[in-house]
Amino acid sequence: MMTELKSDSIRVIPRSPRCSTADNLLRLTLKDHYDVTKELGRGTYGQVLFAKCKETGKNVALKVLPKSNTKLREFEREFRFSYFLSPHSNVVDTYNVAFETRTAFVFAQEYAPYGDLFEKIPPQQGMAEKDVKNVIKQVSAALDFMHSNDLVHRDIKPENILIFEKDFSKVKLTDFGMTRKEGLVLRKVNGSIPYTPPEVCEAVKNESITVTSIGDVWAFGVLLFCMLTGNFPWENAEISDIYYNEFSLWQKRKCTKIPSQWRKFTPRILRFFRKTLESKVERRCNVKEVKKYLSDTWLKPSAPSIAEGAEEEDIAAEVEQNNQLTSILQSHGIDTKFDKRLRERRISEWLLAL
């Protein structure tokens, strides 16, 4: 602590937060060093505040983790991972500024002027394909960098992708609170969300699970679906979920009919989805695979395709044929107003008797 000698007394000068790092954690008072303007986000982890550093005049995002639910080693781990990864152009820049207050641990990161990706995805509609490609290319680069350093993010979702340019030409991955080393064995403690891979969904509470980059690949595939459609593909990647089960049957080629919510995609991007959302972990691709598909068209034109049109014509023809048969049966005095299965059997018997 520095002091300034005065004639009557000794005045204490607060130390700069730039003197405080994870290796030398100082206890400071937030308002002495930052003008906090607003809250940028809040979650189970704590909150993120928009603030201006009084010493430098720089706008920053302060991640504030309450001591009531954050251990020092957890704070240090997140800060060190964040700082280590920040040299990558698509990872949010974490400054070498970490300190504690009376009630919380705090570290400083760069401020994203356009918020996070979640706010930019129109519900039930999705983003423009060119914007999706812009974002997904950068996120895959950030993830590839992490995976090449044996680190797994484990929380890929739109809220953890920050926007730095309005046209999505610069986005960055953030929030490394759940990041762990590849191969680490953990116990499952929380429930599942749409981004959770099936191998984790299937594990029961407290069961051991191994941290792998393949889990990020699954979440990456779900993220792509959400960006293109404005919807989740399912609630949980479990067979009990009707939407996941429908997709799983198609993905495993146990049925040829493409699930309804996936029909807006072209065959090329469906191939990529099949590789990223592969339930067998050993067959799932890596995030770099997306580069092969960036030059392809991902969304079908809004008008129905020839195949879809033909399918609708077949259904209409079948309905018309059934109506004609019903009319013929009724003209022969046969009652058709009864159980559907019995009706079909009667029709078959009548046709065989002709």
# chains A, B, ... in the order shown; residues from 1 in each chain; ligands from 1
>>> residues_around(residues="Lys188 in chain A", least_positions_apart="6", cutoff="9 Å", atoms="only C-alpha atoms", output="MDAnalysis selection string")
chainID A and resid 200 203:209
>>> residues_around(residues="range 243-259 of chain A", least_positions_apart="4", cutoff="9 Å", atoms="only C-alpha atoms", output="ChimeraX atom specification")
/A:233-239,263,273-275,277-279
>>> write_last_selection(atoms="all heavy atoms", output="CSV table (one decimal), in the first residue's frame")
chain,number,residue,atom,x,y,z
A,233,PRO,N,-33.4,-27.9,-31.6
A,233,PRO,CA,-33.9,-29.1,-32.3
A,233,PRO,C,-34.6,-30.1,-31.4
A,233,PRO,O,-35.4,-30.9,-31.8
A,233,PRO,CB,-32.5,-29.7,-32.8
A,233,PRO,CG,-31.5,-29.2,-31.8
A,233,PRO,CD,-32.0,-27.8,-31.4
A,234,TRP,N,-34.3,-30.0,-30.1
A,234,TRP,CA,-35.0,-30.8,-29.0
A,234,TRP,C,-34.7,-30.2,-27.7
A,234,TRP,O,-34.0,-29.2,-27.5
A,234,TRP,CB,-34.4,-32.2,-29.1
A,234,TRP,CG,-32.9,-32.2,-29.2
A,234,TRP,CD1,-31.9,-31.8,-28.3
A,234,TRP,CD2,-32.1,-32.6,-30.4
A,234,TRP,NE1,-30.7,-31.9,-28.8
A,234,TRP,CE2,-30.7,-32.4,-30.1
A,234,TRP,CE3,-32.5,-33.1,-31.6
A,234,TRP,CZ2,-29.7,-32.7,-31.0
A,234,TRP,CZ3,-31.5,-33.4,-32.5
A,234,TRP,CH2,-30.1,-33.2,-32.2
A,235,GLU,N,-35.4,-30.8,-26.7
A,235,GLU,CA,-35.1,-30.3,-25.3
A,235,GLU,C,-33.9,-31.0,-24.7
A,235,GLU,O,-33.1,-30.4,-24.0
A,235,GLU,CB,-36.4,-30.5,-24.4
A,235,GLU,CG,-37.5,-29.5,-24.7
A,235,GLU,CD,-38.6,-29.7,-23.8
A,235,GLU,OE1,-38.4,-30.2,-22.6
A,235,GLU,OE2,-39.8,-29.3,-24.1
A,236,ASN,N,-33.9,-32.3,-24.9
A,236,ASN,CA,-32.8,-33.1,-24.4
A,236,ASN,C,-32.4,-34.2,-25.4
A,236,ASN,O,-33.3,-34.7,-26.1
A,236,ASN,CB,-33.1,-33.8,-23.1
A,236,ASN,CG,-33.3,-32.8,-21.9
A,236,ASN,OD1,-32.3,-32.2,-21.5
A,236,ASN,ND2,-34.5,-32.7,-21.4
A,237,ALA,N,-31.1,-34.5,-25.5
A,237,ALA,CA,-30.7,-35.6,-26.5
A,237,ALA,C,-30.9,-36.9,-25.9
A,237,ALA,O,-30.0,-37.7,-25.6
A,237,ALA,CB,-29.2,-35.3,-26.9
A,238,GLU,N,-32.2,-37.3,-25.6
A,238,GLU,CA,-32.6,-38.6,-25.1
A,238,GLU,C,-33.7,-39.2,-25.9
A,238,GLU,O,-34.5,-38.4,-26.4
A,238,GLU,CB,-33.0,-38.4,-23.6
A,238,GLU,CG,-31.9,-37.8,-22.7
A,238,GLU,CD,-32.4,-37.6,-21.3
A,238,GLU,OE1,-33.2,-36.7,-21.1
A,238,GLU,OE2,-31.9,-38.3,-20.4
A,239,ILE,N,-33.7,-40.5,-25.9
A,239,ILE,CA,-34.7,-41.2,-26.7
A,239,ILE,C,-36.2,-40.8,-26.3
A,239,ILE,O,-37.1,-40.8,-27.1
A,239,ILE,CB,-34.5,-42.7,-26.7
A,239,ILE,CG1,-33.1,-43.0,-27.3
A,239,ILE,CG2,-35.6,-43.4,-27.5
A,239,ILE,CD1,-32.9,-42.6,-28.7
A,263,ARG,N,-36.1,-30.2,-42.7
A,263,ARG,CA,-36.3,-30.3,-44.2
A,263,ARG,C,-36.0,-29.0,-44.9
A,263,ARG,O,-35.9,-29.0,-46.1
A,263,ARG,CB,-37.8,-30.6,-44.5
A,263,ARG,CG,-38.1,-32.1,-44.1
A,263,ARG,CD,-39.6,-32.4,-44.3
A,263,ARG,NE,-39.9,-33.7,-43.7
A,263,ARG,CZ,-41.1,-34.1,-43.4
A,263,ARG,NH1,-42.2,-33.4,-43.7
A,263,ARG,NH2,-41.3,-35.3,-42.8
A,273,PHE,N,-24.5,-32.0,-40.4
A,273,PHE,CA,-25.3,-32.3,-39.2
A,273,PHE,C,-25.1,-33.7,-38.8
A,273,PHE,O,-25.0,-34.1,-37.6
A,273,PHE,CB,-26.7,-31.9,-39.3
A,273,PHE,CG,-27.0,-30.4,-39.2
A,273,PHE,CD1,-27.7,-29.7,-40.1
A,273,PHE,CD2,-26.7,-29.8,-38.0
A,273,PHE,CE1,-27.9,-28.4,-40.0
A,273,PHE,CE2,-26.9,-28.4,-37.8
A,273,PHE,CZ,-27.6,-27.7,-38.8
A,274,ARG,N,-25.2,-34.6,-39.8
A,274,ARG,CA,-25.1,-36.0,-39.5
A,274,ARG,C,-23.8,-36.4,-38.8
A,274,ARG,O,-23.7,-37.3,-38.0
A,274,ARG,CB,-25.3,-36.8,-40.8
A,274,ARG,CG,-26.2,-37.9,-40.7
A,274,ARG,CD,-26.5,-38.6,-42.0
A,274,ARG,NE,-27.6,-39.5,-41.8
A,274,ARG,CZ,-28.5,-39.8,-42.8
A,274,ARG,NH1,-28.4,-39.1,-43.9
A,274,ARG,NH2,-29.5,-40.6,-42.6
A,275,LYS,N,-22.7,-35.7,-39.2
A,275,LYS,CA,-21.4,-35.9,-38.6
A,275,LYS,C,-21.2,-35.3,-37.3
A,275,LYS,O,-20.5,-35.9,-36.4
A,275,LYS,CB,-20.3,-35.4,-39.6
A,275,LYS,CG,-20.2,-36.2,-40.9
A,275,LYS,CD,-19.1,-35.6,-41.8
A,275,LYS,CE,-19.0,-36.3,-43.1
A,275,LYS,NZ,-17.9,-35.8,-44.0
A,277,LEU,N,-23.7,-34.3,-35.1
A,277,LEU,CA,-24.7,-34.8,-34.2
A,277,LEU,C,-24.8,-36.4,-34.2
A,277,LEU,O,-25.8,-37.0,-34.2
A,277,LEU,CB,-26.0,-34.2,-34.5
A,277,LEU,CG,-26.0,-32.7,-34.4
A,277,LEU,CD1,-27.3,-32.1,-34.8
A,277,LEU,CD2,-25.7,-32.2,-33.0
A,278,GLU,N,-23.6,-37.0,-34.3
A,278,GLU,CA,-23.5,-38.4,-34.3
A,278,GLU,C,-23.4,-38.9,-32.9
A,278,GLU,O,-22.6,-38.5,-32.1
A,278,GLU,CB,-22.2,-38.8,-35.0
A,278,GLU,CG,-21.7,-40.2,-34.8
A,278,GLU,CD,-22.6,-41.3,-35.4
A,278,GLU,OE1,-22.8,-41.3,-36.6
A,278,GLU,OE2,-23.2,-42.0,-34.6
A,279,SER,N,-24.4,-39.8,-32.6
A,279,SER,CA,-24.5,-40.3,-31.2
A,279,SER,C,-23.3,-41.1,-30.7
A,279,SER,O,-22.9,-41.1,-29.5
A,279,SER,CB,-25.8,-41.1,-31.0
A,279,SER,OG,-25.8,-42.2,-31.8
>>> atom_distance(atom1="CA of Thr94 in chain A", atom2="CA of Lys38 in chain A")
19.4 Å
>>> atom_distance(atom1="CA of Thr70 in chain A", atom2="CA of Phe164 in chain A")
28.9 Å
>>> residues_around(residues="Asp167 in chain A", least_positions_apart="2", cutoff="12 Å", atoms="only C-alpha atoms", output="list in words")
Tyr114, Leu117, Lys120, Met127, Ala128, Lys130, Asp131, Val132, Lys133, Asn134, Val135, Ile163, Phe164, Glu165, Ser169, Lys170 and Val171 of chain A
>>> write_last_selection(atoms="N, CA and C atoms", output="mmCIF file, in the first residue's frame")
data_model
loop_
_atom_site.group_PDB
_atom_site.id
_atom_site.type_symbol
_atom_site.label_atom_id
_atom_site.label_comp_id
_atom_site.auth_asym_id
_atom_site.auth_seq_id
_atom_site.Cartn_x
_atom_site.Cartn_y
_atom_site.Cartn_z
ATOM 1 N N TYR A 114 -21.765 -4.896 -29.142
ATOM 2 C CA TYR A 114 -23.030 -5.343 -29.733
ATOM 3 C C TYR A 114 -23.652 -6.541 -28.996
ATOM 4 N N LEU A 117 -24.654 -13.218 -28.994
ATOM 5 C CA LEU A 117 -25.330 -13.782 -30.162
ATOM 6 C C LEU A 117 -26.787 -14.117 -29.886
ATOM 7 N N LYS A 120 -29.296 -11.759 -31.070
ATOM 8 C CA LYS A 120 -29.333 -11.498 -32.515
ATOM 9 C C LYS A 120 -30.040 -12.594 -33.316
ATOM 10 N N MET A 127 -31.176 -16.639 -38.313
ATOM 11 C CA MET A 127 -30.380 -15.579 -38.931
ATOM 12 C C MET A 127 -30.204 -15.819 -40.423
ATOM 13 N N ALA A 128 -29.744 -14.781 -41.109
ATOM 14 C CA ALA A 128 -29.418 -14.910 -42.531
ATOM 15 C C ALA A 128 -28.257 -15.890 -42.684
ATOM 16 N N LYS A 130 -25.679 -16.026 -44.623
ATOM 17 C CA LYS A 130 -24.333 -15.438 -44.728
ATOM 18 C C LYS A 130 -23.801 -15.019 -43.345
ATOM 19 N N ASP A 131 -24.702 -14.526 -42.489
ATOM 20 C CA ASP A 131 -24.292 -14.147 -41.135
ATOM 21 C C ASP A 131 -23.950 -15.381 -40.307
ATOM 22 N N VAL A 132 -24.733 -16.439 -40.472
ATOM 23 C CA VAL A 132 -24.468 -17.690 -39.759
ATOM 24 C C VAL A 132 -23.084 -18.213 -40.138
ATOM 25 N N LYS A 133 -22.773 -18.201 -41.420
ATOM 26 C CA LYS A 133 -21.467 -18.690 -41.881
ATOM 27 C C LYS A 133 -20.336 -17.846 -41.317
ATOM 28 N N ASN A 134 -20.556 -16.532 -41.256
ATOM 29 C CA ASN A 134 -19.558 -15.628 -40.693
ATOM 30 C C ASN A 134 -19.252 -15.991 -39.248
ATOM 31 N N VAL A 135 -20.301 -16.215 -38.474
ATOM 32 C CA VAL A 135 -20.146 -16.529 -37.049
ATOM 33 C C VAL A 135 -19.544 -17.917 -36.854
ATOM 34 N N ILE A 163 -20.456 -10.223 -29.791
ATOM 35 C CA ILE A 163 -20.436 -9.561 -31.102
ATOM 36 C C ILE A 163 -19.644 -8.257 -30.994
ATOM 37 N N PHE A 164 -18.631 -8.116 -31.850
ATOM 38 C CA PHE A 164 -17.797 -6.913 -31.838
ATOM 39 C C PHE A 164 -17.997 -6.050 -33.082
ATOM 40 N N GLU A 165 -18.592 -6.596 -34.125
ATOM 41 C CA GLU A 165 -18.931 -5.828 -35.322
ATOM 42 C C GLU A 165 -20.372 -6.132 -35.694
ATOM 43 N N SER A 169 -18.609 -9.667 -38.587
ATOM 44 C CA SER A 169 -17.260 -9.943 -39.103
ATOM 45 C C SER A 169 -16.254 -10.156 -37.976
ATOM 46 N N LYS A 170 -16.636 -9.820 -36.750
ATOM 47 C CA LYS A 170 -15.767 -10.086 -35.599
ATOM 48 C C LYS A 170 -16.634 -10.548 -34.427
ATOM 49 N N VAL A 171 -16.533 -11.833 -34.115
ATOM 50 C CA VAL A 171 -17.198 -12.388 -32.924
ATOM 51 C C VAL A 171 -16.150 -13.132 -32.107
#
>>> closest_residue(among="A:Ala112, A:Val91, A:Leu85, A:Val281", to="Val60 in chain A", atoms="only C-alpha atoms")
A:Ala112
>>> closest_residue(among="A:Asp155, A:Glu289, A:Glu182, A:Glu202", to="Val222 in chain A", atoms="only C-alpha atoms")
A:Asp155
>>> residues_around(residues="Val48 in chain A", least_positions_apart="5", cutoff="12 Å", atoms="only C-alpha atoms", output="mmCIF file with N, CA, C and O atoms, in the first residue's frame")
data_model
loop_
_atom_site.group_PDB
_atom_site.id
_atom_site.type_symbol
_atom_site.label_atom_id
_atom_site.label_comp_id
_atom_site.auth_asym_id
_atom_site.auth_seq_id
_atom_site.Cartn_x
_atom_site.Cartn_y
_atom_site.Cartn_z
ATOM 1 N N VAL A 36 -19.041 2.045 -12.432
ATOM 2 C CA VAL A 36 -19.921 1.008 -12.967
ATOM 3 C C VAL A 36 -21.196 1.653 -13.508
ATOM 4 O O VAL A 36 -21.892 2.367 -12.779
ATOM 5 N N THR A 37 -21.490 1.391 -14.804
ATOM 6 C CA THR A 37 -22.631 2.025 -15.459
ATOM 7 C C THR A 37 -23.863 1.136 -15.474
ATOM 8 O O THR A 37 -24.975 1.577 -15.204
ATOM 9 N N LYS A 38 -23.670 -0.153 -15.825
ATOM 10 C CA LYS A 38 -24.831 -1.041 -15.944
ATOM 11 C C LYS A 38 -24.403 -2.500 -15.828
ATOM 12 O O LYS A 38 -23.212 -2.820 -15.895
ATOM 13 N N GLU A 39 -25.402 -3.354 -15.686
ATOM 14 C CA GLU A 39 -25.172 -4.797 -15.665
ATOM 15 C C GLU A 39 -25.330 -5.329 -17.081
ATOM 16 O O GLU A 39 -26.320 -5.050 -17.754
ATOM 17 N N LEU A 40 -24.351 -6.085 -17.549
ATOM 18 C CA LEU A 40 -24.392 -6.656 -18.895
ATOM 19 C C LEU A 40 -25.011 -8.046 -18.914
ATOM 20 O O LEU A 40 -25.582 -8.472 -19.920
ATOM 21 N N GLY A 41 -24.883 -8.765 -17.824
ATOM 22 C CA GLY A 41 -25.415 -10.128 -17.768
ATOM 23 C C GLY A 41 -25.369 -10.670 -16.357
ATOM 24 O O GLY A 41 -24.620 -10.179 -15.503
ATOM 25 N N ARG A 42 -26.199 -11.685 -16.142
ATOM 26 C CA ARG A 42 -26.259 -12.304 -14.820
ATOM 27 C C ARG A 42 -26.582 -13.779 -14.992
ATOM 28 O O ARG A 42 -27.354 -14.154 -15.882
ATOM 29 N N GLY A 43 -25.982 -14.626 -14.171
ATOM 30 C CA GLY A 43 -26.245 -16.054 -14.226
ATOM 31 C C GLY A 43 -25.977 -16.684 -12.876
ATOM 32 O O GLY A 43 -25.778 -15.987 -11.867
ATOM 33 N N VAL A 60 -14.488 -1.448 -19.825
ATOM 34 C CA VAL A 60 -14.206 -2.879 -19.639
ATOM 35 C C VAL A 60 -15.467 -3.598 -19.186
ATOM 36 O O VAL A 60 -16.445 -2.984 -18.767
ATOM 37 N N ALA A 61 -15.431 -4.911 -19.296
ATOM 38 C CA ALA A 61 -16.468 -5.773 -18.726
ATOM 39 C C ALA A 61 -15.850 -6.457 -17.509
ATOM 40 O O ALA A 61 -14.822 -7.128 -17.634
ATOM 41 N N LEU A 62 -16.446 -6.261 -16.354
ATOM 42 C CA LEU A 62 -15.935 -6.868 -15.122
ATOM 43 C C LEU A 62 -16.754 -8.105 -14.797
ATOM 44 O O LEU A 62 -17.979 -8.023 -14.639
ATOM 45 N N LYS A 63 -16.109 -9.250 -14.721
ATOM 46 C CA LYS A 63 -16.797 -10.468 -14.306
ATOM 47 C C LYS A 63 -16.672 -10.577 -12.795
ATOM 48 O O LYS A 63 -15.557 -10.660 -12.254
ATOM 49 N N VAL A 64 -17.815 -10.577 -12.125
ATOM 50 C CA VAL A 64 -17.856 -10.563 -10.667
ATOM 51 C C VAL A 64 -18.414 -11.890 -10.172
ATOM 52 O O VAL A 64 -19.566 -12.241 -10.444
ATOM 53 N N LEU A 65 -17.586 -12.651 -9.439
ATOM 54 C CA LEU A 65 -17.970 -13.965 -8.936
ATOM 55 C C LEU A 65 -18.086 -13.920 -7.419
ATOM 56 O O LEU A 65 -17.085 -13.752 -6.720
ATOM 57 N N PRO A 66 -19.295 -14.045 -6.886
ATOM 58 C CA PRO A 66 -19.481 -13.951 -5.427
ATOM 59 C C PRO A 66 -18.698 -15.035 -4.678
ATOM 60 O O PRO A 66 -18.666 -16.191 -5.092
ATOM 61 N N PHE A 105 -14.801 -12.124 -6.107
ATOM 62 C CA PHE A 105 -13.592 -12.145 -6.924
ATOM 63 C C PHE A 105 -13.935 -11.467 -8.249
ATOM 64 O O PHE A 105 -15.041 -11.648 -8.778
ATOM 65 N N VAL A 106 -12.993 -10.709 -8.808
ATOM 66 C CA VAL A 106 -13.273 -9.923 -10.013
ATOM 67 C C VAL A 106 -12.112 -10.019 -10.994
ATOM 68 O O VAL A 106 -10.952 -10.004 -10.591
ATOM 69 N N PHE A 107 -12.427 -10.123 -12.290
ATOM 70 C CA PHE A 107 -11.388 -9.910 -13.303
ATOM 71 C C PHE A 107 -11.978 -9.135 -14.475
ATOM 72 O O PHE A 107 -13.195 -9.074 -14.655
ATOM 73 N N ALA A 108 -11.090 -8.502 -15.259
ATOM 74 C CA ALA A 108 -11.518 -7.572 -16.311
ATOM 75 C C ALA A 108 -11.285 -8.148 -17.707
ATOM 76 O O ALA A 108 -10.264 -8.785 -17.972
ATOM 77 N N GLN A 109 -12.270 -7.915 -18.585
ATOM 78 C CA GLN A 109 -12.195 -8.343 -19.973
ATOM 79 C C GLN A 109 -12.607 -7.200 -20.899
ATOM 80 O O GLN A 109 -13.166 -6.195 -20.449
ATOM 81 N N GLU A 110 -12.355 -7.376 -22.184
ATOM 82 C CA GLU A 110 -12.773 -6.348 -23.132
ATOM 83 C C GLU A 110 -14.291 -6.327 -23.251
ATOM 84 O O GLU A 110 -14.970 -7.349 -23.073
ATOM 85 N N TYR A 111 -14.809 -5.163 -23.573
ATOM 86 C CA TYR A 111 -16.252 -4.947 -23.679
ATOM 87 C C TYR A 111 -16.709 -5.187 -25.119
ATOM 88 O O TYR A 111 -16.079 -4.719 -26.065
ATOM 89 N N ALA A 112 -17.790 -5.954 -25.273
ATOM 90 C CA ALA A 112 -18.361 -6.231 -26.595
ATOM 91 C C ALA A 112 -19.510 -5.250 -26.854
ATOM 92 O O ALA A 112 -20.553 -5.341 -26.199
ATOM 93 N N GLY A 115 -23.227 -6.745 -27.764
ATOM 94 C CA GLY A 115 -23.863 -7.778 -26.956
ATOM 95 C C GLY A 115 -23.488 -9.190 -27.366
ATOM 96 O O GLY A 115 -22.439 -9.426 -27.969
ATOM 97 N N THR A 174 -16.481 -16.587 -25.310
ATOM 98 C CA THR A 174 -16.223 -16.134 -23.939
ATOM 99 C C THR A 174 -16.744 -17.156 -22.941
ATOM 100 O O THR A 174 -17.267 -18.202 -23.319
ATOM 101 N N ASP A 175 -16.586 -16.850 -21.667
ATOM 102 C CA ASP A 175 -17.047 -17.649 -20.520
ATOM 103 C C ASP A 175 -16.384 -19.026 -20.452
ATOM 104 O O ASP A 175 -16.891 -20.017 -20.971
#
>>> select_by_dssp(residues="range 99-202 of chain A", states="alpha helix (DSSP H)", output="ChimeraX atom specification")
/A:129-148,198-201
>>> residues_around(residues="Pro87 in chain A", least_positions_apart="5", cutoff="12 Å", atoms="only C-alpha atoms", output="PyMOL selection string")
chain A and resi 81-82+92-95+142+145-146+172-173
>>> residues_around(residues="Ile269 in chain A", least_positions_apart="2", cutoff="8 Å", atoms="only C-alpha atoms", output="VMD selection string")
chain A and resid 265 to 267 271 to 273 293 296 to 298
>>> write_last_selection(atoms="N, CA and C atoms", output="compact mmCIF listing (two decimals), in the first residue's frame")
# COMPACT_ATOMS: atom_id res chain seq x y z
N PHE A 265 -33.12 -27.68 -44.75
CA PHE A 265 -31.69 -27.73 -45.04
C PHE A 265 -31.39 -28.49 -46.32
N THR A 266 -30.31 -28.09 -46.98
CA THR A 266 -29.87 -28.78 -48.19
C THR A 266 -29.18 -30.10 -47.83
N PRO A 267 -29.06 -31.02 -48.78
CA PRO A 267 -28.38 -32.30 -48.49
C PRO A 267 -26.95 -32.11 -47.98
N ARG A 271 -25.55 -33.41 -44.30
CA ARG A 271 -24.42 -34.33 -44.15
C ARG A 271 -23.53 -33.89 -42.99
N PHE A 272 -23.30 -32.56 -42.89
CA PHE A 272 -22.50 -32.03 -41.78
C PHE A 272 -23.20 -32.26 -40.45
N PHE A 273 -24.50 -32.01 -40.40
CA PHE A 273 -25.26 -32.27 -39.16
C PHE A 273 -25.15 -33.74 -38.76
N TYR A 293 -17.77 -27.05 -45.82
CA TYR A 293 -19.16 -26.77 -46.20
C TYR A 293 -19.47 -25.28 -46.32
N ASP A 296 -20.89 -24.04 -49.62
CA ASP A 296 -22.16 -24.65 -50.06
C ASP A 296 -23.36 -23.82 -49.62
N THR A 297 -24.48 -24.05 -50.27
CA THR A 297 -25.74 -23.47 -49.82
C THR A 297 -26.31 -24.34 -48.71
N TRP A 298 -26.77 -23.71 -47.63
CA TRP A 298 -27.23 -24.46 -46.47
C TRP A 298 -28.75 -24.53 -46.37
>>> atom_distance(atom1="CA of Met227 in chain A", atom2="CA of Asp144 in chain A")
19.7 Å
>>> select_by_dssp(residues="range 8-156 of chain A", states="strand (DSSP E)", output="JSON, numbers by chain")
{"A": [10, 11, 12, 13, 26, 27, 34, 35, 36, 37, 38, 39, 40, 41, 42, 47, 48, 49, 50, 51, 52, 53, 59, 60, 61, 62, 63, 64, 65, 66, 94, 95, 96, 97, 98, 99, 100, 104, 105, 106, 107, 108, 109, 110, 151, 152]}
>>> write_last_selection(atoms="C-alpha atoms", output="PDB file, in the first residue's frame")
ATOM      1  CA  ILE A  10      -1.052  10.333   6.225  1.00  0.00           C
ATOM      2  CA  ARG A  11      -3.464   9.779   3.310  1.00  0.00           C
ATOM      3  CA  VAL A  12      -3.776   6.248   1.916  1.00  0.00           C
ATOM      4  CA  ILE A  13      -3.670   6.073  -1.890  1.00  0.00           C
ATOM      5  CA  LEU A  26      -5.094  -7.601  -3.873  1.00  0.00           C
ATOM      6  CA  ARG A  27      -8.241  -6.704  -1.945  1.00  0.00           C
ATOM      7  CA  TYR A  34     -14.218   1.801 -11.597  1.00  0.00           C
ATOM      8  CA  ASP A  35     -17.325   3.734 -12.522  1.00  0.00           C
ATOM      9  CA  VAL A  36     -19.921   1.008 -12.967  1.00  0.00           C
ATOM     10  CA  THR A  37     -22.631   2.025 -15.459  1.00  0.00           C
ATOM     11  CA  LYS A  38     -24.831  -1.041 -15.944  1.00  0.00           C
ATOM     12  CA  GLU A  39     -25.172  -4.797 -15.665  1.00  0.00           C
ATOM     13  CA  LEU A  40     -24.392  -6.656 -18.895  1.00  0.00           C
ATOM     14  CA  GLY A  41     -25.415 -10.128 -17.768  1.00  0.00           C
ATOM     15  CA  ARG A  42     -26.259 -12.304 -14.820  1.00  0.00           C
ATOM     16  CA  GLN A  47     -22.682 -11.082 -12.976  1.00  0.00           C
ATOM     17  CA  VAL A  48     -20.869  -9.079 -15.657  1.00  0.00           C
ATOM     18  CA  LEU A  49     -20.725  -5.287 -15.238  1.00  0.00           C
ATOM     19  CA  PHE A  50     -19.974  -2.528 -17.740  1.00  0.00           C
ATOM     20  CA  ALA A  51     -17.458  -0.157 -16.164  1.00  0.00           C
ATOM     21  CA  LYS A  52     -14.890   2.506 -16.935  1.00  0.00           C
ATOM     22  CA  CYS A  53     -11.463   2.304 -15.320  1.00  0.00           C
ATOM     23  CA  ASN A  59     -14.322   0.702 -20.917  1.00  0.00           C
ATOM     24  CA  VAL A  60     -14.206  -2.879 -19.639  1.00  0.00           C
ATOM     25  CA  ALA A  61     -16.468  -5.773 -18.726  1.00  0.00           C
ATOM     26  CA  LEU A  62     -15.935  -6.868 -15.122  1.00  0.00           C
ATOM     27  CA  LYS A  63     -16.797 -10.468 -14.306  1.00  0.00           C
ATOM     28  CA  VAL A  64     -17.856 -10.563 -10.667  1.00  0.00           C
ATOM     29  CA  LEU A  65     -17.970 -13.965  -8.936  1.00  0.00           C
ATOM     30  CA  PRO A  66     -19.481 -13.951  -5.427  1.00  0.00           C
ATOM     31  CA  THR A  94      -8.881 -10.982 -20.789  1.00  0.00           C
ATOM     32  CA  TYR A  95      -6.661  -8.357 -19.182  1.00  0.00           C
ATOM     33  CA  ASN A  96      -4.053  -9.257 -16.604  1.00  0.00           C
ATOM     34  CA  VAL A  97      -6.197  -7.645 -13.918  1.00  0.00           C
ATOM     35  CA  ALA A  98      -7.687  -9.817 -11.187  1.00  0.00           C
ATOM     36  CA  PHE A  99      -8.576  -8.758  -7.665  1.00  0.00           C
ATOM     37  CA  GLU A 100     -10.952  -9.416  -4.807  1.00  0.00           C
ATOM     38  CA  ALA A 104     -16.408 -11.203  -4.582  1.00  0.00           C
ATOM     39  CA  PHE A 105     -13.592 -12.145  -6.924  1.00  0.00           C
ATOM     40  CA  VAL A 106     -13.273  -9.923 -10.013  1.00  0.00           C
ATOM     41  CA  PHE A 107     -11.388  -9.910 -13.303  1.00  0.00           C
ATOM     42  CA  ALA A 108     -11.518  -7.572 -16.311  1.00  0.00           C
ATOM     43  CA  GLN A 109     -12.195  -8.343 -19.973  1.00  0.00           C
ATOM     44  CA  GLU A 110     -12.773  -6.348 -23.132  1.00  0.00           C
ATOM     45  CA  LEU A 151      -8.902 -27.609 -23.451  1.00  0.00           C
ATOM     46  CA  VAL A 152     -12.661 -28.214 -23.715  1.00  0.00           C
TER      47      VAL A 152
END
>>> closest_residue(among="A:Leu143, A:Pro197, A:Lys264, A:Lys300", to="His88 in chain A", atoms="only C-alpha atoms")
A:Leu143
>>> closest_residue(among="A:Ser213, A:Ser89, A:Thr196, A:Thr56", to="Thr179 in chain A", atoms="only C-alpha atoms")
A:Ser213
>>> closest_residue(among="A:Ile121, A:Gly177, A:Arg102, A:Leu28", to="Arg73 in chain A", atoms="only C-alpha atoms")
A:Gly177
>>> closest_residue(among="A:Asp150, A:Glu119, A:Asp32, A:Glu78", to="Ile214 in chain A", atoms="only C-alpha atoms")
A:Asp150
